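Novice: Before I ask anything, here is the structure I am working with.
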Amino acid sequence: MALHETKDASRQDADTDVFASTLSGQILPKYRIPEDHSPTEVVYELLRNELLLDGNAAQNLATFCTTWSDEGVHRLMNVCLDKNMIDKDEYPQTAEIESRCVNILADLWNAPAGTTATGCSTTGSSEAAMLGGLALKWRWRERRRAEGLPTDRPNLVCGPVQICWDKFARYFDVELRQVPLEPGATGLQPHQLAQYVDENTIGVVAILGVTYTCDYEPVAELAAELDRIQAEHGWDIPIHVDGASGGFVAPFLHPDVVWDFRLPRVASVNTSGHKYGLAPLGVGWIIWRSADLLPADLVFKVDYLGGDMPTFALNFSRPGGEIVAQYYLFLRLGRGGYTRVQQACADTAQYLAQQIADMGPFTLLYDGKGALPAVSYTLTDPASSPFTLYDLSDRLRMRGWQVPSYPLPADRDDTVIQRVLVRHGVTRDQIALLVEDLRRAVEHLTASPPPAPATAPRSGFHH
């Protein structure tokens, strides 16, 4: 006769439906760690359920960041969960893969033959931009000291940059000279430079993919103007290209646009691997056209991880999976694959631009041609419109779409615009559904205008 053991009542959750478990009948601890453990599957399902309250990443048309990755990326990320990329002695192959990515990007951005470009991975384009800014400041300071000149008033000149440059200026004591937008312009114009640069300018930041409107600033023309200024005043002012998004678009869609190391005045370029580089969140890149442009004083030698390793970063320990995933994408897609992916996104953006132009109340600021796969637009006559773009964003949010509305920077901050980004994984059918919802939202807001806001204008998305 078979023997049977009674079940331990304290282990009932192991055989109970997740949503009938002990933990699911409680409000989850939020401010103190619980007294004891709970079953893995129960905690997983309850947290997954809570995460449903987040927006649907596939409908987030505000973010530049990767929201879709193939199965190969997921599998490699799992393999790399325990790899600390800063520990190059313990994980030499991850370090080798990082080096390969640096070499690939230096070649992609036309680093000059006969020189040794240098670079590293970062947590994203913001950290990469700050490292580029630090190198600009250090080189300017070394040059000024060598000439016996004061070094207490560095400035950085830029147009409508992303917030990371404001952070850089504040954190590292640099005056940020942000050039206002001219009427009709969406970025820094070459003729504006002469009014803002001087002997204390550590560099000019040129944006390849302006955050607000998604078009490119004219890097070659900015470089030519700085050549003229140097001939007139003797100020040798380098350019750092913030290619957070465009650094992975221009080489494939716009190879004839000269913006990279083909211009001798471009000293460094940063980009986001996790934007149009298609890698998962958590990786950026910074490349200098030659090793001498990265001051040795900024590089630290670390020997307490088992070897003598140089490091230049704002943080230390960091996962290696995103770097491996970036290399995987380079290998899997190649130049042709990246071109096809970015072209598919650009074609979809241009389809959306045409639909918006035909809809009636909108004026396109950027139509998806010549720069990032994106669209930006404004109300043609906001003063007489029965609704604002903020109202339109709210209405679209009811259908799950996250479409940002925000004012342009000074001196065009009286113009409110919307922006839609088309990324890898955003399909033509998905955008067609957005168009239908956009048209219905316009019809509803026109027929039933919302009440005028009683407070100050609302802010847009913070991307």
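We name chains A, B, ... following the order of the structure tokens; residues begin at 1 in each chain, and ligands are numbered from 1 as shown.
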Applying 6 Å and only C-alpha atoms, which residues near stretch 392-407 of chain A remain after dropping the ones on its own chain fewer than 2 positions away? List them as a list in words.
Specialist: Gln59, Asn60, Leu61, Ala62, Leu389, Tyr390, Asp413, Thr415, Val416, Ile417, Gln418, Gly460 and Phe461 of chain A
Novice: Can you pull out every residue within 9 Å of A:Ala169, counting only C-alpha atoms, but drop anything in the same chain fewer than 6 positions away, and send it as number ranges by chain?
Specialist: A: 130, 133, 155-156, 175-176
Novice: Quick one: write out the picked residues with N, CA, C and O atoms as a PDB file, in the first residue's frame?
Specialist:
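again_38.pdb was written with the following content:
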```pdb
ATOM      1  N   MET A 130      29.307  64.219 -22.180  1.00  0.00           N
ATOM      2  CA  MET A 130      30.057  64.850 -21.094  1.00  0.00           C
ATOM      3  C   MET A 130      31.543  64.519 -21.171  1.00  0.00           C
ATOM      4  O   MET A 130      32.398  65.379 -20.902  1.00  0.00           O
ATOM      5  N   GLY A 133      32.897  66.716 -23.766  1.00  0.00           N
ATOM      6  CA  GLY A 133      33.022  68.074 -23.246  1.00  0.00           C
ATOM      7  C   GLY A 133      34.218  68.231 -22.333  1.00  0.00           C
ATOM      8  O   GLY A 133      34.920  69.254 -22.375  1.00  0.00           O
ATOM      9  N   ASN A 155      33.956  78.676 -22.053  1.00  0.00           N
ATOM     10  CA  ASN A 155      32.562  78.657 -22.528  1.00  0.00           C
ATOM     11  C   ASN A 155      32.418  77.644 -23.651  1.00  0.00           C
ATOM     12  O   ASN A 155      33.385  77.284 -24.323  1.00  0.00           O
ATOM     13  N   LEU A 156      31.196  77.171 -23.820  1.00  0.00           N
ATOM     14  CA  LEU A 156      30.842  76.198 -24.858  1.00  0.00           C
ATOM     15  C   LEU A 156      29.672  76.766 -25.641  1.00  0.00           C
ATOM     16  O   LEU A 156      28.675  77.189 -25.054  1.00  0.00           O
ATOM     17  N   GLU A 175      30.630  77.958 -18.963  1.00  0.00           N
ATOM     18  CA  GLU A 175      29.517  78.818 -19.398  1.00  0.00           C
ATOM     19  C   GLU A 175      28.922  78.230 -20.683  1.00  0.00           C
ATOM     20  O   GLU A 175      29.635  78.035 -21.671  1.00  0.00           O
ATOM     21  N   LEU A 176      27.626  77.951 -20.661  1.00  0.00           N
ATOM     22  CA  LEU A 176      26.952  77.442 -21.855  1.00  0.00           C
ATOM     23  C   LEU A 176      26.342  78.618 -22.611  1.00  0.00           C
ATOM     24  O   LEU A 176      25.408  79.266 -22.127  1.00  0.00           O
TER      25      LEU A 176
END
```
Novice: Taking 4 positions as the minimum chain separation for residues in the same chain, which residues sit within 12 Å of A:Cys158 when counting only C-alpha atoms? Answer as a PyMOL selection string.
Specialist: chain A and resi 133+162-163+165-166+169+175-181+187-190+192-193+196-197+201-207+210+217+219+222+239-242
Novice: Write a file of the just-selected residues containing C-alpha atoms, as a PDB file, in the first residue's frame.
Specialist:
```
ATOM      1  CA  GLY A 133      33.022  68.074 -23.246  1.00  0.00           C
ATOM      2  CA  GLN A 162      19.615  68.156 -25.243  1.00  0.00           C
ATOM      3  CA  ILE A 163      19.621  68.680 -21.460  1.00  0.00           C
ATOM      4  CA  TRP A 165      24.830  69.750 -22.239  1.00  0.00           C
ATOM      5  CA  ASP A 166      23.199  71.978 -19.611  1.00  0.00           C
ATOM      6  CA  ALA A 169      28.105  73.076 -18.166  1.00  0.00           C
ATOM      7  CA  GLU A 175      29.517  78.818 -19.398  1.00  0.00           C
ATOM      8  CA  LEU A 176      26.952  77.442 -21.855  1.00  0.00           C
ATOM      9  CA  ARG A 177      26.318  79.942 -24.631  1.00  0.00           C
ATOM     10  CA  GLN A 178      23.130  78.607 -26.163  1.00  0.00           C
ATOM     11  CA  VAL A 179      22.421  80.471 -29.383  1.00  0.00           C
ATOM     12  CA  PRO A 180      18.718  81.420 -29.795  1.00  0.00           C
ATOM     13  CA  LEU A 181      16.816  80.188 -32.812  1.00  0.00           C
ATOM     14  CA  GLY A 187      19.071  74.825 -35.304  1.00  0.00           C
ATOM     15  CA  LEU A 188      22.354  76.701 -35.017  1.00  0.00           C
ATOM     16  CA  GLN A 189      23.222  78.743 -38.124  1.00  0.00           C
ATOM     17  CA  PRO A 190      26.850  79.304 -39.196  1.00  0.00           C
ATOM     18  CA  GLN A 192      25.561  83.188 -35.683  1.00  0.00           C
ATOM     19  CA  LEU A 193      28.887  81.793 -34.454  1.00  0.00           C
ATOM     20  CA  TYR A 196      29.175  83.964 -29.568  1.00  0.00           C
ATOM     21  CA  VAL A 197      32.671  82.461 -29.828  1.00  0.00           C
ATOM     22  CA  THR A 201      35.447  78.969 -26.286  1.00  0.00           C
ATOM     23  CA  ILE A 202      36.426  75.356 -25.641  1.00  0.00           C
ATOM     24  CA  GLY A 203      34.367  74.110 -28.571  1.00  0.00           C
ATOM     25  CA  VAL A 204      31.172  74.267 -30.590  1.00  0.00           C
ATOM     26  CA  VAL A 205      28.575  71.498 -30.309  1.00  0.00           C
ATOM     27  CA  ALA A 206      26.856  70.611 -33.592  1.00  0.00           C
ATOM     28  CA  ILE A 207      23.743  68.442 -33.433  1.00  0.00           C
ATOM     29  CA  VAL A 210      18.089  68.114 -33.240  1.00  0.00           C
ATOM     30  CA  GLU A 217      22.526  71.136 -38.124  1.00  0.00           C
ATOM     31  CA  VAL A 219      28.151  70.711 -39.558  1.00  0.00           C
ATOM     32  CA  LEU A 222      29.719  75.474 -39.147  1.00  0.00           C
ATOM     33  CA  ILE A 239      33.682  70.917 -33.069  1.00  0.00           C
ATOM     34  CA  HIS A 240      32.125  68.106 -31.086  1.00  0.00           C
ATOM     35  CA  VAL A 241      29.291  66.434 -32.997  1.00  0.00           C
ATOM     36  CA  ASP A 242      26.418  65.248 -30.831  1.00  0.00           C
TER      37      ASP A 242
END
```
Novice: Atom CA of A:Asp236 and atom CA of A:Asp198 are how many Å apart?
Specialist: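 Atom CA of A:Asp198 lies 9.9 Å from atom CA of A:Asp236.
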Novice: Name the residues of stretch 425-456 of chain A that fall into alpha helix (DSSP H) according to DSSP on the backbone, using the chain letters and numbers of this document, as a ChimeraX atom specification.
Specialist: /A:428-447
Novice: Which residue gives the smallest distance to A:Glu127 among A:Lys275, A:Lys301, A:Lys167, A:Arg335, with only C-alpha atoms counted?
Specialist: A:Lys167
Novice: Env of A:His74: 10 Å cut, atoms = only C-alpha atoms, seq-sep filter 3 positions within chain, self excluded. Answer as a list in words.
Specialist: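 Everything that qualifies: Ser69, Asp70, Glu71, Met77, Asn78, Val79, Pro280, Gly321 and Ala325 of chain A.
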Novice: Residues as selected, N, CA and C atoms, written as a compact mmCIF listing (two decimals), in the first residue's frame, can you do that?
Specialist:
```txt
# COMPACT_ATOMS: atom_id res chain seq x y z
N SER A 69 13.66 44.47 -29.68
CA SER A 69 14.91 43.75 -29.93
C SER A 69 14.58 42.32 -30.33
N ASP A 70 15.41 41.76 -31.20
CA ASP A 70 15.14 40.40 -31.65
C ASP A 70 15.59 39.38 -30.59
N GLU A 71 15.28 38.11 -30.84
CA GLU A 71 15.54 37.07 -29.86
C GLU A 71 17.03 36.90 -29.58
N MET A 77 21.90 38.99 -23.95
CA MET A 77 21.80 39.76 -22.71
C MET A 77 21.75 38.83 -21.50
N ASN A 78 21.05 37.71 -21.62
CA ASN A 78 21.01 36.73 -20.53
C ASN A 78 22.40 36.15 -20.27
N VAL A 79 23.13 35.86 -21.35
CA VAL A 79 24.48 35.30 -21.21
C VAL A 79 25.40 36.29 -20.48
N PRO A 280 19.91 47.50 -27.07
CA PRO A 280 19.03 47.72 -25.91
C PRO A 280 19.55 48.85 -25.02
N GLY A 321 26.43 43.45 -21.37
CA GLY A 321 25.50 42.88 -22.33
C GLY A 321 25.15 43.80 -23.47
N ALA A 325 25.57 43.12 -27.37
CA ALA A 325 24.40 43.23 -28.26
C ALA A 325 24.68 44.19 -29.41
```
Novice: Neighbours of A:Arg423 within 12 Å (only C-alpha atoms; same-chain residues fewer than 4 positions away dropped), as a PyMOL selection string?
Specialist: chain A and resi 57-69+245+248-249+274-279+341-349+372-375+427-428+430-431
Novice: Tell me which protein, DNA and RNA residues are within 12 Å of A:Asp256, counting only C-alpha atoms, leaving out same-chain ones fewer than 5 positions away, and put them as JSON, numbers by chain.
Specialist: {"A": [220, 250, 251, 262, 370]}
Novice: Smallest atom-to-atom distance to A:Leu108: which of A:Ala410, A:Ala441, A:Ile287, A:Val157, using only C-alpha atoms?
Specialist: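 Closest to A:Leu108 of all the choices is A:Ile287.
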Novice: Pick the closest to A:Leu331 from A:Val18, A:Ile229, A:Ala371, A:Ile104: which is it, counting only C-alpha atoms?
Specialist: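 Checking each of A:Val18, A:Ile229, A:Ala371, A:Ile104 against A:Leu331, counting only C-alpha atoms, the winner is A:Ile104.
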Novice: Do a neighbour search on A:Asp391 at 10 Å with only C-alpha atoms, toss out local chain neighbours closer than 6 positions, and write the hits as a list in words.
Specialist: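 Once the adjacent positions are removed, what remains is Arg397, Ser405, Ala441, Val442, Leu445, Pro449, Pro450, Pro451, Pro453 and Arg458 of chain A.
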Novice: Can those selected residues be exported to a file as an mmCIF file, in the first residue's frame so that it contains C-alpha atoms?
Specialist:
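The resulting out_39.cif:
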```cif
data_model
loop_
_atom_site.group_PDB
_atom_site.id
_atom_site.type_symbol
_atom_site.label_atom_id
_atom_site.label_comp_id
_atom_site.auth_asym_id
_atom_site.auth_seq_id
_atom_site.Cartn_x
_atom_site.Cartn_y
_atom_site.Cartn_z
ATOM 1 C CA ARG A 397 -3.113 59.297 -25.034
ATOM 2 C CA SER A 405 3.873 68.473 -27.538
ATOM 3 C CA ALA A 441 -9.028 63.218 -32.525
ATOM 4 C CA VAL A 442 -8.926 66.333 -34.717
ATOM 5 C CA LEU A 445 -11.685 68.384 -30.766
ATOM 6 C CA PRO A 449 -13.556 72.179 -28.276
ATOM 7 C CA PRO A 450 -12.049 71.689 -24.813
ATOM 8 C CA PRO A 451 -12.371 74.545 -22.315
ATOM 9 C CA PRO A 453 -6.947 76.119 -19.630
ATOM 10 C CA ARG A 458 1.105 72.665 -19.967
#
```
Novice: I need the strand (DSSP E) residues of stretch 57-270 of chain A per DSSP on the backbone, written as a list in words.
Specialist: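 Put together, the selection reads Thr118, Gly119, Cys120, Ser121, Thr122, Asn155, Leu156, Val157, Cys158, Glu175, Leu176, Arg177, Gln178, Thr201, Ile202, Gly203, Val204, Val205, Ala206, Ile207, Ile239, His240, Val241, Asp242, Val266, Ala267, Ser268, Val269 and Asn270 of chain A.
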